[in-house]
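J.: Structure file target_26.txt, compact mmCIF, C-alpha atoms, is pasted below:
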```txt
# COMPACT_ATOMS: atom_id res chain seq x y z
CA MET Q 1 -14.80 74.29 29.15
CA THR Q 2 -17.16 71.40 28.42
CA ARG Q 3 -20.27 70.92 30.53
CA ILE Q 4 -18.98 67.55 31.82
CA ARG Q 5 -15.70 69.10 32.99
CA PHE Q 6 -17.62 71.97 34.63
CA VAL Q 7 -19.83 69.51 36.52
CA LEU Q 8 -16.77 67.53 37.64
CA ILE Q 9 -15.10 70.68 38.97
CA VAL Q 10 -18.24 71.67 40.89
CA LEU Q 11 -18.47 68.17 42.37
CA LEU Q 12 -14.77 68.25 43.18
CA VAL Q 13 -15.13 71.46 45.17
CA PHE Q 14 -18.12 70.05 47.05
CA SER Q 15 -16.42 66.72 47.81
CA THR Q 16 -13.27 68.49 48.99
CA LEU Q 17 -15.29 70.67 51.36
CA THR Q 18 -17.11 67.66 52.80
CA ALA Q 19 -14.18 65.20 52.92
CA PRO Q 20 -12.67 64.42 56.33
CA ALA Q 21 -9.13 65.75 56.76
CA TRP Q 22 -7.16 62.68 57.84
CA ALA Q 23 -4.09 64.06 59.62
CA ASP Q 24 -2.68 60.52 59.87
CA GLY Q 25 -3.46 59.33 56.34
CA SER Q 26 -0.47 57.06 55.79
CA VAL Q 27 0.42 54.26 53.38
CA SER Q 28 -0.38 51.24 55.53
CA SER Q 29 -0.46 48.50 52.90
CA THR Q 30 0.88 47.47 49.51
CA PHE Q 31 0.22 44.85 46.85
CA ILE Q 32 2.58 42.15 45.59
CA GLN Q 33 1.72 40.88 42.12
CA ILE Q 34 3.64 37.65 41.51
CA ASP Q 35 4.79 37.06 37.95
CA SER Q 36 7.55 34.98 36.38
CA GLY Q 37 10.15 37.61 37.33
CA LYS Q 38 9.17 37.79 40.98
CA ALA Q 39 8.80 34.01 41.13
CA SER Q 40 12.53 33.77 40.40
CA LEU Q 41 13.51 35.99 43.34
CA SER Q 42 15.63 34.29 45.98
CA LEU Q 43 14.73 33.75 49.61
CA SER Q 44 17.19 36.52 50.47
CA ASP Q 45 15.43 38.87 48.02
CA TRP Q 46 12.06 38.27 49.69
CA LYS Q 47 13.54 38.85 53.13
CA GLN Q 48 14.96 42.16 51.96
CA ILE Q 49 11.72 43.26 50.27
CA LEU Q 50 9.55 42.49 53.30
CA ALA Q 51 12.05 44.13 55.66
CA SER Q 52 11.94 47.23 53.44
CA PHE Q 53 8.14 47.29 53.68
CA HIS Q 54 8.37 47.37 57.47
CA ALA Q 55 11.05 50.08 57.39
CA LEU Q 56 8.73 52.21 55.24
CA GLY Q 57 5.87 51.91 57.72
CA ILE Q 58 3.87 49.27 55.84
CA GLY Q 59 1.82 46.98 58.06
CA ASP Q 60 -0.28 44.96 55.61
CA VAL Q 61 0.57 43.16 52.37
CA VAL Q 62 -1.93 41.98 49.79
CA LEU Q 63 -0.53 38.98 47.94
CA GLN Q 64 -2.59 39.61 44.82
CA TRP Q 65 -2.77 35.94 43.85
CA THR Q 66 -1.15 32.67 44.82
CA ALA Q 67 -2.00 30.74 41.67
CA THR Q 68 -2.44 31.40 37.95
CA ASN Q 69 -4.52 29.01 35.85
CA LYS Q 70 -4.55 26.43 38.65
CA ALA Q 71 -0.73 26.57 38.87
CA PRO Q 72 0.20 27.61 42.42
CA TYR Q 73 3.41 29.57 42.86
CA PHE Q 74 4.36 28.41 46.33
CA LYS Q 75 5.80 25.08 47.47
CA PRO Q 76 4.82 22.27 47.64
CA TYR Q 77 2.12 22.74 44.98
CA GLN Q 78 3.79 25.07 42.51
CA LYS Q 79 4.65 24.54 38.86
CA VAL Q 80 6.35 27.93 38.56
CA LYS Q 81 9.21 27.46 41.00
CA MET Q 82 9.53 29.78 43.99
CA PRO Q 83 12.18 29.21 46.65
CA LEU Q 84 9.77 29.14 49.57
CA ALA Q 85 6.45 27.80 50.79
CA LEU Q 86 3.57 30.12 51.57
CA ALA Q 87 4.00 29.42 55.30
CA GLU Q 88 7.66 30.46 55.00
CA PHE Q 89 6.59 33.68 53.28
CA LEU Q 90 4.21 34.33 56.17
CA ASP Q 91 7.03 33.58 58.63
CA ILE Q 92 9.20 36.28 57.04
CA ALA Q 93 6.23 38.67 57.02
CA HIS Q 94 5.57 38.01 60.71
CA GLN Q 95 9.24 38.62 61.56
CA ASN Q 96 8.81 42.05 59.97
CA HIS Q 97 5.51 42.78 61.76
CA LEU Q 98 3.51 42.41 58.54
CA ARG Q 99 0.08 40.84 58.04
CA VAL Q 100 -0.76 39.23 54.70
CA LYS Q 101 -4.01 38.96 52.78
CA ILE Q 102 -3.87 35.83 50.63
CA GLY Q 103 -4.97 36.27 47.02
CA LEU Q 104 -6.69 33.34 45.36
CA LEU Q 105 -6.84 32.19 41.73
CA HIS Q 106 -5.86 34.58 38.92
CA ASP Q 107 -7.05 33.85 35.37
CA PRO Q 108 -5.14 35.80 32.68
CA GLU Q 109 -8.20 35.40 30.42
CA PHE Q 110 -10.50 37.13 32.90
CA TRP Q 111 -10.82 40.40 30.96
CA VAL Q 112 -11.69 38.49 27.79
CA ARG Q 113 -14.10 36.05 29.39
CA ILE Q 114 -16.19 38.70 31.17
CA LYS Q 115 -17.18 40.15 27.79
CA GLU Q 116 -19.19 37.00 27.06
CA ARG Q 117 -23.00 36.82 27.19
CA PRO Q 118 -24.58 36.34 30.64
CA SER Q 119 -25.24 32.58 30.31
CA SER Q 120 -21.61 31.84 29.38
CA LEU Q 121 -20.39 34.27 32.03
CA ASN Q 122 -22.38 32.41 34.69
CA VAL Q 123 -20.66 29.14 33.75
CA TYR Q 124 -17.28 30.85 33.81
CA PHE Q 125 -17.81 32.38 37.26
CA THR Q 126 -18.98 29.02 38.60
CA ARG Q 127 -15.65 27.52 37.55
CA VAL Q 128 -13.68 30.43 39.00
CA THR Q 129 -15.52 30.04 42.30
CA GLU Q 130 -14.94 26.27 42.51
CA ASP Q 131 -11.26 26.54 41.59
CA SER Q 132 -10.71 29.43 44.03
CA LEU Q 133 -12.37 27.58 46.90
CA ARG Q 134 -10.37 24.44 46.16
CA LEU Q 135 -7.19 26.51 46.33
CA ALA Q 136 -8.30 28.14 49.60
CA GLU Q 137 -8.99 24.72 51.12
CA GLU Q 138 -5.53 23.50 50.05
CA LEU Q 139 -3.81 26.53 51.57
CA LEU Q 140 -5.85 26.82 54.76
CA PRO Q 141 -4.16 24.06 56.83
CA GLU Q 142 -0.77 25.76 56.61
CA ILE Q 143 -1.96 29.37 57.07
CA ALA Q 144 -5.16 29.35 59.17
CA SER Q 145 -3.42 29.61 62.54
CA HIS Q 146 -0.49 31.69 61.31
CA PRO Q 147 -0.31 35.09 63.06
CA ALA Q 148 0.50 36.84 59.75
CA PHE Q 149 -2.62 35.56 57.97
CA ALA Q 150 -4.96 38.53 57.58
CA GLY Q 151 -7.68 37.10 55.34
CA TRP Q 152 -8.49 36.47 51.69
CA TYR Q 153 -8.20 38.66 48.61
CA ILE Q 154 -10.33 37.99 45.50
CA PRO Q 155 -8.17 38.83 42.43
CA GLN Q 156 -11.13 39.43 40.06
CA GLU Q 157 -11.07 43.24 39.87
CA ILE Q 158 -14.36 45.04 39.25
CA ASP Q 159 -14.46 47.79 36.62
CA ASP Q 160 -17.28 50.03 35.38
CA VAL Q 161 -17.19 49.03 31.71
CA ASN Q 162 -18.28 45.39 31.68
CA TRP Q 163 -21.12 45.50 34.21
CA LYS Q 164 -23.41 48.22 32.91
CA GLU Q 165 -25.80 45.67 31.40
CA ARG Q 166 -28.42 44.60 33.94
CA LYS Q 167 -28.24 40.84 33.17
CA LYS Q 168 -24.46 40.75 33.41
CA ARG Q 169 -24.47 42.68 36.67
CA LYS Q 170 -26.90 40.14 38.09
CA VAL Q 171 -24.38 37.38 37.27
CA LEU Q 172 -21.62 39.40 38.96
CA CYS Q 173 -23.74 39.87 42.09
CA HIS Q 174 -24.35 36.11 42.23
CA PHE Q 175 -20.63 35.42 41.89
CA MET Q 176 -19.78 37.86 44.67
CA LYS Q 177 -22.43 36.41 46.97
CA ASP Q 178 -21.41 32.81 46.24
CA ILE Q 179 -17.65 33.12 46.63
CA THR Q 180 -17.73 35.36 49.72
CA SER Q 181 -20.37 33.28 51.51
CA ARG Q 182 -18.47 30.07 50.89
CA LEU Q 183 -15.14 31.58 51.95
CA LYS Q 184 -16.81 32.56 55.23
CA ILE Q 185 -17.84 28.93 55.70
CA ILE Q 186 -14.26 27.76 55.14
CA ALA Q 187 -12.76 30.38 57.48
CA PRO Q 188 -15.50 32.28 59.36
CA ARG Q 189 -13.21 34.85 60.98
CA ALA Q 190 -11.04 35.60 57.94
CA SER Q 191 -11.72 38.94 56.26
CA ILE Q 192 -12.43 39.14 52.52
CA SER Q 193 -11.22 41.92 50.22
CA ILE Q 194 -11.44 42.90 46.57
CA SER Q 195 -10.37 45.88 44.48
CA THR Q 196 -12.14 48.04 41.95
CA PHE Q 197 -11.46 50.88 39.54
CA SER Q 198 -13.29 53.25 37.23
CA ASN Q 199 -12.70 54.08 33.59
CA GLY Q 200 -15.13 56.96 33.90
CA GLU Q 201 -17.76 54.90 32.05
CA LEU Q 202 -20.24 55.20 34.90
CA SER Q 203 -20.86 58.48 36.68
CA PRO Q 204 -19.71 58.62 40.30
CA GLY Q 205 -23.32 58.09 41.32
CA GLY Q 206 -23.74 55.18 38.91
CA PHE Q 207 -20.52 53.62 40.15
CA ALA Q 208 -21.70 53.93 43.76
CA SER Q 209 -25.06 52.42 42.80
CA MET Q 210 -23.33 49.40 41.25
CA TRP Q 211 -21.35 48.89 44.44
CA ASP Q 212 -24.46 49.30 46.54
CA GLU Q 213 -25.86 46.26 44.74
CA LEU Q 214 -22.64 44.27 45.07
CA LEU Q 215 -22.25 44.99 48.78
CA SER Q 216 -25.89 44.16 49.43
CA SER Q 217 -25.38 40.66 48.03
CA SER Q 218 -21.89 39.81 49.30
CA ARG Q 219 -19.93 39.41 52.52
CA LEU Q 220 -16.98 41.62 51.72
CA ASP Q 221 -15.05 43.33 54.49
CA THR Q 222 -12.82 45.68 52.48
CA VAL Q 223 -12.99 47.36 49.07
CA TYR Q 224 -9.80 48.82 47.61
CA PHE Q 225 -10.21 51.55 45.00
CA GLN Q 226 -7.39 52.07 42.46
CA ASP Q 227 -6.99 55.78 41.77
CA GLY Q 228 -6.36 55.22 38.03
CA ILE Q 229 -3.74 57.97 37.75
CA GLY Q 230 -0.89 55.67 36.75
CA THR Q 231 -3.07 53.85 34.21
CA LYS Q 232 -4.54 57.16 33.00
CA LYS Q 233 -8.10 55.97 33.56
CA LEU Q 234 -8.99 58.95 35.78
CA ASP Q 235 -7.46 62.38 36.39
CA PHE Q 236 -7.00 64.66 39.38
CA TYR Q 237 -10.40 66.28 38.78
CA SER Q 238 -12.37 63.03 38.85
CA VAL Q 239 -10.51 60.86 41.40
CA PRO Q 240 -11.79 62.70 44.53
CA ILE Q 241 -15.37 62.48 43.30
CA TYR Q 242 -15.20 58.72 42.80
CA PHE Q 243 -13.41 58.32 46.15
CA LYS Q 244 -16.20 60.23 47.86
CA SER Q 245 -18.99 58.26 46.16
CA LEU Q 246 -17.53 54.85 46.97
CA LYS Q 247 -16.63 55.83 50.52
CA VAL Q 248 -20.24 56.81 51.22
CA VAL Q 249 -21.63 53.49 49.98
CA THR Q 250 -19.02 51.36 51.77
CA GLU Q 251 -19.74 53.18 55.03
CA LYS Q 252 -23.43 52.46 54.49
CA HIS Q 253 -22.66 48.73 54.44
CA GLY Q 254 -20.07 48.77 57.22
CA VAL Q 255 -17.27 47.89 54.77
CA SER Q 256 -13.77 49.38 54.89
CA PHE Q 257 -12.76 51.69 52.03
CA ILE Q 258 -9.05 51.89 51.19
CA PRO Q 259 -7.77 53.99 48.25
CA ILE Q 260 -4.87 52.63 46.22
CA VAL Q 261 -2.25 55.06 44.94
CA GLU Q 262 -0.70 53.86 41.68
CA PHE Q 263 3.04 54.50 42.00
CA PHE Q 264 3.67 53.44 38.40
CA GLU Q 265 2.88 55.00 35.05
CA ILE Q 266 1.97 53.54 31.69
CA PRO Q 267 4.66 54.40 29.10
CA GLU Q 268 3.59 56.63 26.23
CA PRO Q 269 2.92 54.77 22.95
CA GLY Q 270 6.06 54.78 20.86
CA GLY Q 271 8.17 56.03 23.78
CA SER Q 272 11.55 54.70 24.75
CA GLU Q 273 10.45 53.43 28.18
CA LYS Q 274 8.99 49.94 28.32
CA GLY Q 275 7.44 47.97 31.14
CA PHE Q 276 7.25 49.39 34.65
CA GLY Q 277 8.03 53.04 35.22
CA ALA Q 278 7.75 54.98 38.46
CA GLY Q 279 5.53 58.05 38.49
CA SER Q 280 6.98 61.52 38.96
CA THR Q 281 7.48 62.72 42.53
CA ASN Q 282 5.10 65.68 42.08
CA ARG Q 283 2.40 63.37 40.76
CA ILE Q 284 2.81 60.89 43.61
CA LYS Q 285 2.63 63.69 46.19
CA LYS Q 286 -0.69 64.86 44.74
CA GLN Q 287 -2.07 61.32 44.73
CA LEU Q 288 -1.11 60.76 48.35
CA LYS Q 289 -2.64 64.07 49.40
CA ILE Q 290 -5.96 63.26 47.71
CA ALA Q 291 -6.09 59.70 49.09
CA SER Q 292 -5.34 60.90 52.63
CA ALA Q 293 -8.40 63.17 52.48
CA TYR Q 294 -10.67 60.13 52.25
CA SER Q 295 -9.04 57.48 54.39
CA SER Q 296 -6.59 57.14 57.26
CA LYS Q 297 -5.31 54.01 55.51
CA ILE Q 298 -3.81 54.14 52.02
CA SER Q 299 -2.57 51.26 49.88
CA CYS Q 300 -0.30 51.31 46.82
CA PHE Q 301 0.62 49.46 43.64
CA GLY Q 302 4.21 49.42 42.42
CA LEU Q 303 6.22 49.58 45.64
CA THR Q 304 7.66 46.07 45.17
CA GLU Q 305 8.82 46.95 41.66
CA CYS Q 306 10.50 50.13 42.89
CA LEU Q 307 12.41 48.15 45.51
CA ILE Q 308 13.55 45.65 42.87
CA LEU Q 309 14.45 48.03 40.02
CA LYS Q 310 16.14 50.82 42.04
CA SER Q 311 16.09 53.23 39.08
CA PRO Q 312 16.61 56.99 39.74
CA ARG Q 313 12.84 57.56 39.63
CA CYS Q 314 12.26 54.59 41.92
CA ARG Q 315 14.76 55.94 44.43
CA SER Q 316 13.06 59.36 44.30
CA LEU Q 317 9.67 57.74 44.86
CA LEU Q 318 10.97 55.82 47.88
CA ARG Q 319 12.33 59.06 49.37
CA ILE Q 320 8.95 60.74 48.86
CA LEU Q 321 7.18 57.82 50.53
CA LYS Q 322 9.55 57.85 53.50
CA THR Q 323 9.04 61.60 53.92
CA TRP Q 324 5.27 61.19 53.69
CA GLN Q 325 5.22 58.42 56.28
CA ASN Q 326 7.35 60.43 58.72
CA ARG Q 327 5.62 63.80 58.29
```
Can you present the structure in this file as structure tokens?

T.:
Amino acid sequence: MTRIRFVLIVLLVFSTLTAPAWADGSVSSTFIQIDSGKASLSLSDWKQILASFHALGIGDVVLQWTATNKAPYFKPYQKVKMPLALAEFLDIAHQNHLRVKIGLLHDPEFWVRIKERPSSLNVYFTRVTEDSLRLAEELLPEIASHPAFAGWYIPQEIDDVNWKERKKRKVLCHFMKDITSRLKIIAPRASISISTFSNGELSPGGFASMWDELLSSSRLDTVYFQDGIGTKKLDFYSVPIYFKSLKVVTEKHGVSFIPIVEFFEIPEPGGSEKGFGAGSTNRIKKQLKIASAYSSKISCFGLTECLILKSPRCRSLLRILKTWQNR
């Protein structure tokens, strides 16, 4: 056993002993990631998907983004055609007792651009901020007073690989402060959320320290943490330790911490399965159990895809989720 693995196991035991036992830790929210496939879904499809969310005990939906490269998906602004306006989507959500966090601008080049030097990165983030705020201002008149509108979601996910350098992290802190402060000016009572994940590049303590800086300089209300099991970034030894570390720092700043269970799995290189695949039922059970030890509210990635694909594994996953919610 390597020394690193030994340390992780010791930390795991400690974090398990000190973690609160949430008897009601249920999956209360899910993410919808709009792509070309989902953009082609009919109005009837969306009604069925959102009704299924409600039937499964979901109360909140995070619409991960509403525009890609300045091309909004929803009517009347969209270039990629969807059969409904954002207000209509919110109407359907409200009919199913769902609240929706509205994601802003997604840039497919984000993961490439953030590898640039700090001066270029600062220019890039300035553009992202301006474009995101312009989109928020366009959307606000039709959603601000809607009962299903639950706040904003910033699609720029924060990892622990690209922000280890002090100068780059300073740029990230400025971006977070700028975009959250200005969103609060546009809609003072609307909550602001973002998600994060770890590749194990920073220690749990280092990861928490990074987030301590980010939360000190921003006006975030919720931080979602992706468990990394489906993407194979973390394992069952390390996930609880990172959960614990981030939970402590979010509580320090009065920010909500919500773990995300990845329902999907990345296909093995050279394997026969391509694209989305549902995780095994045993794996999902373990993920849910760990997440419920650190929060009464759990979110998930991949539920929408399971409802659309209806493969044998997807059907098994849905049964597991229903059982978990009704336990």

J.: Please return the centre and edge lengths, in Å to one decimal, of a box with edges along x, y and z that contains all listed atoms of region 304-309 of chain Q, widened by 6 Å on every side, as AutoDock Vina command-line options.

T.:
```
--center_x 11.1 --center_y 47.9 --center_z 42.8 --size_x 18.8 --size_y 16.5 --size_z 17.5
```

J.: Would you kindly return, as an MDAnalysis selection string, each protein, DNA or RNA residue with an atom no farther than 7 Å from any atom of Asp159 (chain Q), considering all atoms listed in the file and excluding same-chain residues fewer than 3 positions away?

T.: chainID Q and resid 162 196:198

J.: Check the smallest atom-to-atom distance from each of Q:Phe257, Q:Ile186, Q:Gly277, Q:Ile241 to Leu309 (chain Q) using all atoms listed in the file, then report the winner.

T.: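 Using all atoms listed in the file, Leu309 (chain Q) sits closest to Q:Gly277.
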
J.: Please provide the set of residues having any atom within 12 Å of Glu138 (chain Q), restricted to only C-alpha atoms, with same-chain residues fewer than 3 positions apart removed, written as a PyMOL selection string.

T.: chain Q and resi 66-67+70+72+74-77+86+104+131-135+141-144+186

J.: Hey, what's within 12 Å of Lys252 (chain Q) if we count only C-alpha atoms and toss same-chain stuff fewer than 2 positions away? As number ranges by chain, please?

T.: Q: 208-209, 211-213, 215-216, 245-250, 254-257

J.: Using only C-alpha atoms, please write the residues we just selected to a file, as a compact mmCIF listing (two decimals), keeping the file's coordinate frame.

T.:
```txt
# COMPACT_ATOMS: atom_id res chain seq x y z
CA ALA Q 208 -21.70 53.93 43.76
CA SER Q 209 -25.06 52.42 42.80
CA TRP Q 211 -21.35 48.89 44.44
CA ASP Q 212 -24.46 49.30 46.54
CA GLU Q 213 -25.86 46.26 44.74
CA LEU Q 215 -22.25 44.99 48.78
CA SER Q 216 -25.89 44.16 49.43
CA SER Q 245 -18.99 58.26 46.16
CA LEU Q 246 -17.53 54.85 46.97
CA LYS Q 247 -16.63 55.83 50.52
CA VAL Q 248 -20.24 56.81 51.22
CA VAL Q 249 -21.63 53.49 49.98
CA THR Q 250 -19.02 51.36 51.77
CA GLY Q 254 -20.07 48.77 57.22
CA VAL Q 255 -17.27 47.89 54.77
CA SER Q 256 -13.77 49.38 54.89
CA PHE Q 257 -12.76 51.69 52.03
```

J.: Skipping near chain neighbours, those fewer than 5 positions away, what residues fall within 6 Å of Ser195 (chain Q) using all atoms listed in the file, listed as a ChimeraX atom specification?

T.: /Q:157,223-225

J.: Quick one: contact table of region 44-139 of chain Q to region 163-184 of chain Q, 6 Å max, nearest atom pair and distance in Å to one decimal per residue, counting all atoms listed in the file, chain and number order, as CSV?

T.:
```
residue,atom,partner,partner_atom,distance
Q:Pro118,CA,Q:Lys168,CA,5.2
Q:Asn122,CA,Q:Val171,CA,5.9
Q:Thr129,CA,Q:Ile179,CA,5.7
```

J.: Which residues come within 10 Å of Glu305 (chain Q), counting only C-alpha atoms, excluding same-chain residues fewer than 6 positions away, as JSON, numbers by chain?

T.: {"Q": [32, 33, 38, 49, 263, 264, 276, 277, 278, 311, 314]}

J.: For CA of Gln325 (chain Q) and CA of Ser26 (chain Q), determine how far apart the two atoms are, in Å to one decimal place.

T.: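 Taking CA of Gln325 (chain Q) and CA of Ser26 (chain Q), their separation equals 5.9 Å.
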
J.: Could you tell me, as JSON, numbers by chain, which residues have any atom at most 7 Å from (-13.8, 43.0, 56.6), counting all atoms listed in the file?

T.: {"Q": [191, 192, 193, 220, 221, 222, 255, 256]}

J.: Take the selection from the previous step and output its residues with C-alpha atoms, as a PDB file, keeping the file's coordinate frame.

T.:
```
ATOM      1  CA  SER Q 191     -11.720  38.940  56.260  1.00  0.00           C
ATOM      2  CA  ILE Q 192     -12.430  39.140  52.520  1.00  0.00           C
ATOM      3  CA  SER Q 193     -11.220  41.920  50.220  1.00  0.00           C
ATOM      4  CA  LEU Q 220     -16.980  41.620  51.720  1.00  0.00           C
ATOM      5  CA  ASP Q 221     -15.050  43.330  54.490  1.00  0.00           C
ATOM      6  CA  THR Q 222     -12.820  45.680  52.480  1.00  0.00           C
ATOM      7  CA  VAL Q 255     -17.270  47.890  54.770  1.00  0.00           C
ATOM      8  CA  SER Q 256     -13.770  49.380  54.890  1.00  0.00           C
TER       9      SER Q 256
END
```

J.: Given the choices Q:His97, Q:Lys232, Q:Arg319, Q:Trp324, which gets closest to Asp60 (chain Q) if the distance is worked out from all atoms listed in the file?

T.: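 Result for the nearest residue to Asp60 (chain Q): Q:His97.
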